[in-house]
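Engineer: Here you go, upload_1.cif (mmCIF, C-alpha atoms; chains and numbers go by the auth columns):
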```
data_model
#
loop_
_atom_site.group_PDB
_atom_site.id
_atom_site.type_symbol
_atom_site.label_atom_id
_atom_site.label_comp_id
_atom_site.label_asym_id
_atom_site.label_seq_id
_atom_site.Cartn_x
_atom_site.Cartn_y
_atom_site.Cartn_z
_atom_site.B_iso_or_equiv
_atom_site.auth_seq_id
_atom_site.auth_asym_id
ATOM 1 C CA ILE A 1 37.815 -26.727 -28.134 0.00 1447 A
ATOM 2 C CA LYS A 2 36.412 -24.792 -31.100 0.00 1448 A
ATOM 3 C CA ALA A 3 33.031 -26.382 -30.474 0.00 1449 A
ATOM 4 C CA MET A 4 33.157 -25.360 -26.814 0.00 1450 A
ATOM 5 C CA ASN A 5 34.129 -21.803 -27.747 0.00 1451 A
ATOM 6 C CA ALA A 6 31.325 -21.655 -30.270 0.00 1452 A
ATOM 7 C CA ILE A 7 28.814 -22.758 -27.643 0.00 1453 A
ATOM 8 C CA PHE A 8 30.207 -20.235 -25.161 0.00 1454 A
ATOM 9 C CA ASP A 9 30.070 -17.420 -27.734 0.00 1455 A
ATOM 10 C CA PHE A 10 26.514 -18.370 -28.680 0.00 1456 A
ATOM 11 C CA GLU A 11 25.431 -18.384 -25.037 0.00 1457 A
ATOM 12 C CA LYS A 12 27.160 -15.048 -24.431 0.00 1458 A
ATOM 13 C CA ASN A 13 25.563 -13.398 -27.482 0.00 1459 A
ATOM 14 C CA PHE A 14 22.190 -14.934 -26.648 0.00 1460 A
ATOM 15 C CA TRP A 15 22.087 -13.355 -23.208 0.00 1461 A
ATOM 16 C CA ASN A 16 23.374 -10.047 -24.589 0.00 1462 A
ATOM 17 C CA ILE A 17 20.439 -10.017 -26.994 0.00 1463 A
ATOM 18 C CA ILE A 18 18.036 -10.906 -24.177 0.00 1464 A
ATOM 19 C CA ALA A 19 19.435 -8.060 -22.056 0.00 1465 A
ATOM 20 C CA ILE A 20 18.938 -5.526 -24.843 0.00 1466 A
ATOM 21 C CA PHE A 21 15.465 -6.928 -25.482 0.00 1467 A
ATOM 22 C CA VAL A 22 14.561 -6.443 -21.807 0.00 1468 A
ATOM 23 C CA ALA A 23 15.892 -2.866 -21.815 0.00 1469 A
ATOM 24 C CA ILE A 24 13.679 -1.961 -24.779 0.00 1470 A
ATOM 25 C CA ILE A 25 10.556 -4.042 -24.333 0.00 1471 A
ATOM 26 C CA VAL A 26 9.909 -3.731 -20.578 0.00 1472 A
ATOM 27 C CA PRO A 27 9.371 0.076 -20.613 0.00 1473 A
ATOM 28 C CA LEU A 28 7.214 -0.221 -23.741 0.00 1474 A
ATOM 29 C CA ILE A 29 5.040 -2.888 -22.137 0.00 1475 A
ATOM 30 C CA ILE A 30 4.617 -0.773 -18.994 0.00 1476 A
ATOM 31 C CA LEU A 31 3.787 2.245 -21.162 0.00 1477 A
ATOM 32 C CA LEU A 32 1.134 0.289 -23.087 0.00 1478 A
ATOM 33 C CA ILE A 33 -0.397 -1.001 -19.846 0.00 1479 A
ATOM 34 C CA GLU A 34 -0.540 2.534 -18.425 0.00 1480 A
ATOM 35 C CA LYS A 35 -2.288 3.775 -21.564 0.00 1481 A
ATOM 36 C CA LYS A 36 -5.076 1.224 -21.064 0.00 1482 A
ATOM 37 C CA ILE A 37 -5.725 2.099 -17.398 0.00 1483 A
ATOM 38 C CA LYS A 38 -7.807 5.068 -16.315 0.00 1484 A
ATOM 39 C CA LYS A 39 -6.130 6.949 -13.492 0.00 1485 A
ATOM 40 C CA LEU A 40 -7.033 10.341 -12.087 0.00 1486 A
ATOM 41 C CA ASN A 41 -4.935 11.929 -9.320 0.00 1487 A
ATOM 42 C CA TYR A 42 -5.419 14.934 -7.090 0.00 1488 A
ATOM 43 C CA TYR A 43 -2.907 16.804 -4.989 0.00 1489 A
ATOM 44 C CA ILE A 44 -3.521 19.432 -2.299 0.00 1490 A
ATOM 45 C CA ALA A 45 -0.719 21.987 -2.711 0.00 1491 A
ATOM 46 C CA TYR A 46 -1.651 23.848 0.480 0.00 1492 A
ATOM 47 C CA ASN A 47 -4.529 24.219 2.916 0.00 1493 A
ATOM 48 C CA TYR A 48 -4.147 26.721 5.744 0.00 1494 A
ATOM 49 C CA PRO A 49 -5.795 29.758 7.441 0.00 1495 A
ATOM 50 C CA LEU A 50 -6.013 32.853 5.274 0.00 1496 A
ATOM 51 C CA ILE A 51 -5.760 34.978 8.430 0.00 1497 A
ATOM 52 C CA ASP A 52 -3.800 33.431 11.264 0.00 1498 A
ATOM 53 C CA ILE A 53 -4.591 35.137 14.581 0.00 1499 A
ATOM 54 C CA ASN A 54 -3.164 34.092 17.927 0.00 1500 A
ATOM 55 C CA GLU A 55 -5.809 32.276 19.990 0.00 1501 A
ATOM 56 C CA GLU A 56 -5.146 34.541 22.982 0.00 1502 A
ATOM 57 C CA VAL A 57 -6.289 37.670 21.116 0.00 1503 A
ATOM 58 C CA LYS A 58 -8.609 36.086 18.587 0.00 1504 A
ATOM 59 C CA GLU A 59 -11.721 37.071 20.514 0.00 1505 A
ATOM 60 C CA ASP A 60 -10.727 40.728 20.182 0.00 1506 A
ATOM 61 C CA PHE A 61 -11.017 40.571 16.365 0.00 1507 A
ATOM 62 C CA GLU A 62 -14.120 40.600 14.218 0.00 1508 A
ATOM 63 C CA ILE A 63 -14.212 39.442 10.607 0.00 1509 A
ATOM 64 C CA LYS A 64 -17.382 40.133 8.645 0.00 1510 A
ATOM 65 C CA TYR A 65 -18.687 39.017 5.260 0.00 1511 A
ATOM 66 C CA LYS A 66 -21.721 40.903 3.973 0.00 1512 A
ATOM 67 C CA GLY A 67 -22.429 42.075 7.481 0.00 1513 A
ATOM 68 C CA GLU A 68 -22.226 38.633 9.086 0.00 1514 A
ATOM 69 C CA LEU A 69 -19.535 37.563 11.536 0.00 1515 A
ATOM 70 C CA ILE A 70 -17.297 34.688 10.500 0.00 1516 A
ATOM 71 C CA LYS A 71 -14.848 32.866 12.729 0.00 1517 A
ATOM 72 C CA ASP A 72 -12.275 31.309 10.424 0.00 1518 A
ATOM 73 C CA ILE A 73 -11.221 31.801 6.812 0.00 1519 A
ATOM 74 C CA SER A 74 -9.068 29.201 5.052 0.00 1520 A
ATOM 75 C CA ILE A 75 -7.517 28.900 1.608 0.00 1521 A
ATOM 76 C CA CYS A 76 -6.439 25.843 -0.361 0.00 1522 A
ATOM 77 C CA GLU A 77 -5.119 24.929 -3.792 0.00 1523 A
ATOM 78 C CA ILE A 78 -6.045 21.665 -5.493 0.00 1524 A
ATOM 79 C CA PHE A 79 -4.407 20.064 -8.521 0.00 1525 A
ATOM 80 C CA VAL A 80 -6.220 17.376 -10.587 0.00 1526 A
ATOM 81 C CA GLU A 81 -4.457 15.427 -13.355 0.00 1527 A
ATOM 82 C CA ASN A 82 -5.299 12.541 -15.658 0.00 1528 A
ATOM 83 C CA VAL A 83 -2.250 10.251 -15.624 0.00 1529 A
ATOM 84 C CA GLY A 84 -3.896 7.312 -17.385 0.00 1530 A
ATOM 85 C CA LYS A 85 -6.198 6.508 -20.259 0.00 1531 A
ATOM 86 C CA GLU A 86 -8.477 9.117 -21.824 0.00 1532 A
ATOM 87 C CA ILE A 87 -11.622 9.873 -19.790 0.00 1533 A
ATOM 88 C CA SER A 88 -14.544 11.140 -21.877 0.00 1534 A
ATOM 89 C CA SER A 89 -17.403 13.257 -20.591 0.00 1535 A
ATOM 90 C CA ASN A 90 -19.716 10.261 -21.139 0.00 1536 A
ATOM 91 C CA ASP A 91 -17.650 8.216 -18.656 0.00 1537 A
ATOM 92 C CA PHE A 92 -18.901 10.381 -15.781 0.00 1538 A
ATOM 93 C CA GLU A 93 -21.941 9.160 -13.874 0.00 1539 A
ATOM 94 C CA GLU A 94 -21.668 12.243 -11.661 0.00 1540 A
ATOM 95 C CA PRO A 95 -19.524 15.416 -11.597 0.00 1541 A
ATOM 96 C CA ILE A 96 -16.177 15.637 -9.852 0.00 1542 A
ATOM 97 C CA LYS A 97 -17.021 16.712 -6.312 0.00 1543 A
ATOM 98 C CA ILE A 98 -14.722 18.591 -3.928 0.00 1544 A
ATOM 99 C CA VAL A 99 -15.704 17.861 -0.333 0.00 1545 A
ATOM 100 C CA ILE A 100 -14.263 20.056 2.436 0.00 1546 A
ATOM 101 C CA SER A 101 -15.026 18.908 5.961 0.00 1547 A
ATOM 102 C CA ASN A 102 -15.910 21.579 8.536 0.00 1548 A
ATOM 103 C CA CYS A 103 -16.718 24.041 5.752 0.00 1549 A
ATOM 104 C CA ASN A 104 -19.465 26.555 6.564 0.00 1550 A
ATOM 105 C CA PHE A 105 -19.413 28.628 3.390 0.00 1551 A
ATOM 106 C CA ILE A 106 -17.466 28.759 0.117 0.00 1552 A
ATOM 107 C CA PHE A 107 -16.478 32.329 -0.741 0.00 1553 A
ATOM 108 C CA SER A 108 -14.720 31.795 -4.062 0.00 1554 A
ATOM 109 C CA VAL A 109 -13.268 29.254 -6.482 0.00 1555 A
ATOM 110 C CA GLU A 110 -10.617 30.500 -8.915 0.00 1556 A
ATOM 111 C CA LEU A 111 -9.172 28.500 -11.794 0.00 1557 A
ATOM 112 C CA LEU A 112 -5.398 29.071 -11.715 0.00 1558 A
ATOM 113 C CA ASP A 113 -4.142 26.976 -14.586 0.00 1559 A
ATOM 114 C CA CYS A 114 -5.057 24.118 -16.908 0.00 1560 A
ATOM 115 C CA TYR A 115 -3.608 22.015 -19.695 0.00 1561 A
ATOM 116 C CA PRO A 116 -4.447 22.297 -22.508 0.00 1562 A
ATOM 117 C CA GLU A 117 -5.204 26.019 -22.324 0.00 1563 A
ATOM 118 C CA HIS A 118 -8.600 25.651 -23.994 0.00 1564 A
ATOM 119 C CA LEU A 119 -9.773 22.944 -21.566 0.00 1565 A
ATOM 120 C CA ASN A 120 -13.451 23.675 -20.936 0.00 1566 A
ATOM 121 C CA ILE A 121 -13.951 23.573 -17.162 0.00 1567 A
ATOM 122 C CA ASN A 122 -17.330 24.383 -15.640 0.00 1568 A
ATOM 123 C CA ILE A 123 -17.201 24.857 -11.873 0.00 1569 A
ATOM 124 C CA ASP A 124 -20.343 25.136 -9.754 0.00 1570 A
ATOM 125 C CA VAL A 125 -20.479 26.011 -6.072 0.00 1571 A
ATOM 126 C CA ASP A 126 -23.216 24.379 -4.010 0.00 1572 A
ATOM 127 C CA ASN A 127 -23.269 26.223 -0.685 0.00 1573 A
ATOM 128 C CA ASP A 128 -26.236 24.201 0.529 0.00 1574 A
ATOM 129 C CA SER A 129 -24.174 21.002 0.611 0.00 1575 A
ATOM 130 C CA LYS A 130 -20.857 22.923 0.874 0.00 1576 A
ATOM 131 C CA HIS A 131 -19.529 21.104 -2.190 0.00 1577 A
ATOM 132 C CA ILE A 132 -17.728 22.267 -5.336 0.00 1578 A
ATOM 133 C CA LEU A 133 -18.803 20.495 -8.518 0.00 1579 A
ATOM 134 C CA ILE A 134 -16.739 20.196 -11.693 0.00 1580 A
ATOM 135 C CA GLN A 135 -18.996 19.169 -14.540 0.00 1581 A
ATOM 136 C CA PRO A 136 -18.065 16.166 -16.759 0.00 1582 A
ATOM 137 C CA LEU A 137 -15.400 16.938 -19.340 0.00 1583 A
ATOM 138 C CA LEU A 138 -12.966 15.235 -21.685 0.00 1584 A
ATOM 139 C CA LEU A 139 -9.616 14.579 -20.004 0.00 1585 A
ATOM 140 C CA ASN A 140 -6.850 13.167 -22.177 0.00 1586 A
ATOM 141 C CA LYS A 141 -3.677 11.731 -20.677 0.00 1587 A
ATOM 142 C CA ASN A 142 -1.607 14.489 -19.008 0.00 1588 A
ATOM 143 C CA ASP A 143 -4.523 16.972 -18.997 0.00 1589 A
ATOM 144 C CA PHE A 144 -4.745 18.826 -15.701 0.00 1590 A
ATOM 145 C CA PHE A 145 -6.318 21.770 -13.930 0.00 1591 A
ATOM 146 C CA LYS A 146 -5.681 23.510 -10.640 0.00 1592 A
ATOM 147 C CA PHE A 147 -7.780 25.961 -8.699 0.00 1593 A
ATOM 148 C CA LYS A 148 -7.817 27.966 -5.485 0.00 1594 A
ATOM 149 C CA ILE A 149 -10.642 27.871 -2.944 0.00 1595 A
ATOM 150 C CA VAL A 150 -11.377 30.370 -0.178 0.00 1596 A
ATOM 151 C CA TYR A 151 -13.842 29.064 2.389 0.00 1597 A
ATOM 152 C CA GLU A 152 -15.174 29.677 5.895 0.00 1598 A
ATOM 153 C CA GLY A 153 -14.022 27.112 8.409 0.00 1599 A
ATOM 154 C CA LYS A 154 -10.895 25.686 9.955 0.00 1600 A
ATOM 155 C CA TYR A 155 -8.568 24.084 7.450 0.00 1601 A
ATOM 156 C CA SER A 156 -9.273 20.368 7.499 0.00 1602 A
ATOM 157 C CA ASN A 157 -9.616 17.278 5.343 0.00 1603 A
ATOM 158 C CA ILE A 158 -10.356 17.716 1.627 0.00 1604 A
ATOM 159 C CA GLU A 159 -11.472 14.930 -0.696 0.00 1605 A
ATOM 160 C CA VAL A 160 -12.016 14.796 -4.452 0.00 1606 A
ATOM 161 C CA GLN A 161 -14.716 12.308 -5.398 0.00 1607 A
ATOM 162 C CA SER A 162 -16.591 11.138 -8.477 0.00 1608 A
ATOM 163 C CA ARG A 163 -18.202 8.135 -10.119 0.00 1609 A
ATOM 164 C CA ILE A 164 -16.346 7.405 -13.378 0.00 1610 A
ATOM 165 C CA LYS A 165 -16.667 4.381 -15.649 0.00 1611 A
ATOM 166 C CA GLY A 166 -13.639 2.092 -15.346 0.00 1612 A
ATOM 167 C CA LEU A 167 -12.191 4.033 -12.389 0.00 1613 A
ATOM 168 C CA LYS A 168 -12.545 2.926 -8.771 0.00 1614 A
ATOM 169 C CA LYS A 169 -11.675 6.281 -7.242 0.00 1615 A
ATOM 170 C CA ILE A 170 -9.690 9.464 -7.704 0.00 1616 A
ATOM 171 C CA ASN A 171 -6.314 8.908 -6.044 0.00 1617 A
ATOM 172 C CA LYS A 172 -4.879 11.362 -3.564 0.00 1618 A
ATOM 173 C CA ILE A 173 -1.123 11.820 -3.903 0.00 1619 A
ATOM 174 C CA HIS A 174 1.086 13.500 -1.307 0.00 1620 A
ATOM 175 C CA ILE A 175 4.175 14.392 -3.362 0.00 1621 A
ATOM 176 C CA LEU A 176 3.396 16.018 -6.676 0.00 1622 A
ATOM 177 C CA LYS A 177 7.008 15.915 -7.909 0.00 1623 A
ATOM 178 C CA LYS A 178 7.140 12.133 -7.615 0.00 1624 A
ATOM 179 C CA SER A 179 3.883 11.813 -9.473 0.00 1625 A
ATOM 180 C CA LYS A 180 5.195 13.963 -12.324 0.00 1626 A
ATOM 181 C CA LEU A 181 8.406 12.014 -12.755 0.00 1627 A
ATOM 182 C CA LYS A 182 6.947 8.567 -12.300 0.00 1628 A
ATOM 183 C CA THR A 183 6.009 6.808 -15.634 0.00 1629 A
ATOM 184 C CA ASN A 184 8.477 5.973 -18.401 0.00 1630 A
ATOM 185 C CA PHE A 185 11.727 7.125 -16.787 0.00 1631 A
ATOM 186 C CA GLU A 186 11.312 5.031 -13.651 0.00 1632 A
ATOM 187 C CA ALA A 187 10.206 2.075 -15.772 0.00 1633 A
ATOM 188 C CA THR A 188 13.355 2.470 -17.848 0.00 1634 A
ATOM 189 C CA ILE A 189 15.568 2.564 -14.746 0.00 1635 A
ATOM 190 C CA VAL A 190 14.005 -0.715 -13.591 0.00 1636 A
ATOM 191 C CA SER A 191 14.686 -2.308 -16.971 0.00 1637 A
ATOM 192 C CA ILE A 192 18.331 -1.174 -16.903 0.00 1638 A
ATOM 193 C CA ILE A 193 18.810 -2.675 -13.449 0.00 1639 A
ATOM 194 C CA ALA A 194 17.324 -5.919 -14.778 0.00 1640 A
ATOM 195 C CA THR A 195 19.659 -5.765 -17.788 0.00 1641 A
ATOM 196 C CA LEU A 196 22.786 -5.260 -15.677 0.00 1642 A
ATOM 197 C CA PHE A 197 21.679 -8.048 -13.373 0.00 1643 A
ATOM 198 C CA ILE A 198 21.445 -10.431 -16.324 0.00 1644 A
ATOM 199 C CA TYR A 199 24.962 -9.470 -17.431 0.00 1645 A
ATOM 200 C CA TYR A 200 26.342 -9.905 -13.924 0.00 1646 A
ATOM 201 C CA PHE A 201 24.511 -13.163 -13.284 0.00 1647 A
ATOM 202 C CA PHE A 202 25.834 -14.826 -16.420 0.00 1648 A
ATOM 203 C CA LYS A 203 29.328 -13.350 -16.075 0.00 1649 A
ATOM 204 C CA SER A 204 29.124 -11.708 -19.490 0.00 1650 A
ATOM 205 C CA GLU A 205 31.465 -8.911 -20.412 0.00 1651 A
ATOM 206 C CA LEU A 206 29.786 -5.562 -20.935 0.00 1652 A
ATOM 207 C CA ASP A 207 30.001 -4.545 -24.571 0.00 1653 A
ATOM 208 C CA PHE A 208 30.752 -0.825 -24.951 0.00 1654 A
ATOM 209 C CA LYS A 209 28.209 -0.309 -27.740 0.00 1655 A
ATOM 210 C CA THR A 210 25.524 -2.015 -25.706 0.00 1656 A
ATOM 211 C CA VAL A 211 26.214 0.185 -22.686 0.00 1657 A
ATOM 212 C CA ILE A 212 26.041 3.327 -24.854 0.00 1658 A
ATOM 213 C CA PHE A 213 22.784 2.104 -26.377 0.00 1659 A
ATOM 214 C CA ILE A 214 21.186 1.473 -22.977 0.00 1660 A
ATOM 215 C CA ILE A 215 22.291 4.858 -21.631 0.00 1661 A
ATOM 216 C CA ALA A 216 21.040 6.659 -24.752 0.00 1662 A
ATOM 217 C CA PHE A 217 17.736 4.811 -24.540 0.00 1663 A
ATOM 218 C CA THR A 218 17.337 5.777 -20.876 0.00 1664 A
ATOM 219 C CA PHE A 219 17.993 9.458 -21.404 0.00 1665 A
ATOM 220 C CA GLY A 220 15.787 9.451 -24.481 0.00 1666 A
ATOM 221 C CA PHE A 221 12.879 8.457 -22.249 0.00 1667 A
ATOM 222 C CA TYR A 222 13.977 10.938 -19.601 0.00 1668 A
ATOM 223 C CA PHE A 223 14.123 13.991 -21.864 0.00 1669 A
ATOM 224 C CA PHE A 224 10.840 13.002 -23.518 0.00 1670 A
ATOM 225 C CA ASN A 225 9.124 13.069 -20.095 0.00 1671 A
ATOM 226 C CA ARG A 226 11.052 16.157 -19.038 0.00 1672 A
ATOM 227 C CA LYS A 227 9.780 18.055 -22.089 0.00 1673 A
ATOM 228 C CA ILE A 228 6.185 17.192 -21.208 0.00 1674 A
ATOM 229 C CA ILE A 229 6.751 18.201 -17.568 0.00 1675 A
ATOM 230 C CA ILE A 230 8.286 21.562 -18.506 0.00 1676 A
ATOM 231 C CA ASN A 231 5.466 22.339 -20.941 0.00 1677 A
ATOM 232 C CA ARG A 232 2.796 21.490 -18.403 0.00 1678 A
ATOM 233 C CA PHE A 233 4.281 23.111 -15.317 0.00 1679 A
ATOM 234 C CA LYS A 234 6.187 26.091 -16.657 0.00 1680 A
ATOM 235 C CA ASN A 235 3.715 28.379 -14.898 0.00 1681 A
ATOM 236 C CA ASP A 236 4.045 26.738 -11.466 0.00 1682 A
#
```
Rewrite the structure of this file - the entire thing - as structure tokens.
Structural biologist:
Amino acid sequence: IKAMNAIFDFEKNFWNIIAIFVAIIVPLIILLIEKKIKKLNYYIAYNYPLIDINEEVKEDFEIKYKGELIKDISICEIFVENVGKEISSNDFEEPIKIVISNCNFIFSVELLDCYPEHLNINIDVDNDSKHILIQPLLLNKNDFFKFKIVYEGKYSNIEVQSRIKGLKKINKIHILKKSKLKTNFEATIVSIIATLFIYYFFKSELDFKTVIFIIAFTFGFYFFNRKIIINRFKND
């Protein structure tokens, strides 16, 4: 009987150790993998007419720019963020290019915010090709910039393109909040689910200290990410 109890206790402790190991190591592995992958995202905060006139009376209005009639004026805000490995200026084969379909003329491009504050961003407007060019620059993980564009044309599709070493394309995201909170916290949640599953599967009793440790570990990751998010987006 003592031998059987010893085997049972060993098996129980073994799987407890494995569960704790999973809770700690899985998020760290995911974090290390993310650090080795280059990933650049862009998000279109809004894109709509600057002046919205009812179609029935639109012909009665005239909008001029430097003496020339223009039909439609639109405004958009674009957010670009490095969520992966560091991208150096030498990694760029060509500048970051903002392509706006159905754009006839670009009136202005205004830098609204960036992180870090001293990020050197050079923006060129090419009205011949109707493109906005952001010259190669160093982008560390979590660096970002956002800018506002006023252009002639009906609001339509906008793409952010570039040719960057080790990066297939710049990813368009549709929900900025999800992108901000994704990373370590979600990875930690997955690891906790895996940990609890192991406990449940092997019918092990949940040790109070272990539960407290897992919860503390989870919220440690959460507040670490939350601090970064608050620092980066306090001006939003």
Engineer: Just the number, please: distance in Å from atom CA of Leu1557 of chain A to atom CA of Asn1493 of chain A, one decimal.
Structural biologist: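 If I compute the distance from atom CA of Leu1557 of chain A to atom CA of Asn1493 of chain A, I get 16.0 Å.
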Engineer: On this structure, the PyMOL selection byres ((chain A and resi 1604-1606) around 10) would catch which residues? List them as a PyMOL selection string, sorted by chain and number.
Structural biologist: chain A and resi 1487-1490+1493+1522+1524+1526+1542-1549+1578-1579+1601-1603+1607-1608+1615-1618
Engineer: Identify all residues satisfying the PyMOL selection byres ((chain A and resi 1521) around 8) in the given file; provide them as a list in words.
Structural biologist: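 Matching residues under the PyMOL selection byres ((chain A and resi 1521) around 8) are Tyr1492, Asn1493, Tyr1494, Pro1495, Leu1496, Ile1519, Ser1520, Cys1522, Glu1523, Lys1594, Ile1595, Val1596, Tyr1597 and Tyr1601 of chain A.
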Engineer: Hey, which of A:Asn1568, A:Ile1621, A:Lys1576, A:Glu1598 ends up closest to Phe1553 of chain A? Count only C-alpha atoms.
Structural biologist: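 Looking at the shortest contact to Phe1553 of chain A, the residue is A:Glu1598.
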Engineer: In Å, how far is it from atom CA of Lys1531 of chain A to atom CA of Asp1589 of chain A?
Structural biologist: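 Separation between atom CA of Lys1531 of chain A and atom CA of Asp1589 of chain A: 10.7 Å.
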Engineer: For the provided coordinates, the residues matched by the PyMOL selection byres ((chain A and resi 1567) around 10) should be stated as a PyMOL selection string.
Structural biologist: chain A and resi 1557+1560+1564-1566+1568-1570+1580-1584+1591
Engineer: As an exercise, work out the distance from atom CA of Lys1611 of chain A to atom CA of Gly1530 of chain A in Å and give it to one decimal place.
Structural biologist: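 Separation of atom CA of Lys1611 of chain A and atom CA of Gly1530 of chain A: 13.2 Å.
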Engineer: Got a sec: who's within 10 Å of Ile1533 of chain A, counting only C-alpha atoms, leaving out chain neighbours fewer than 3 positions off, as number ranges by chain?
Structural biologist: A: 1484-1486, 1528, 1530, 1536-1538, 1582-1587, 1610-1613
Engineer: Hey, which of A:Phe1593, A:Gly1599, A:Glu1505, A:Glu1532 ends up closest to Phe1551 of chain A? Count only C-alpha atoms.
Structural biologist: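 Going through A:Phe1593, A:Gly1599, A:Glu1505, A:Glu1532 one by one, the smallest distance to Phe1551 of chain A is for A:Gly1599.
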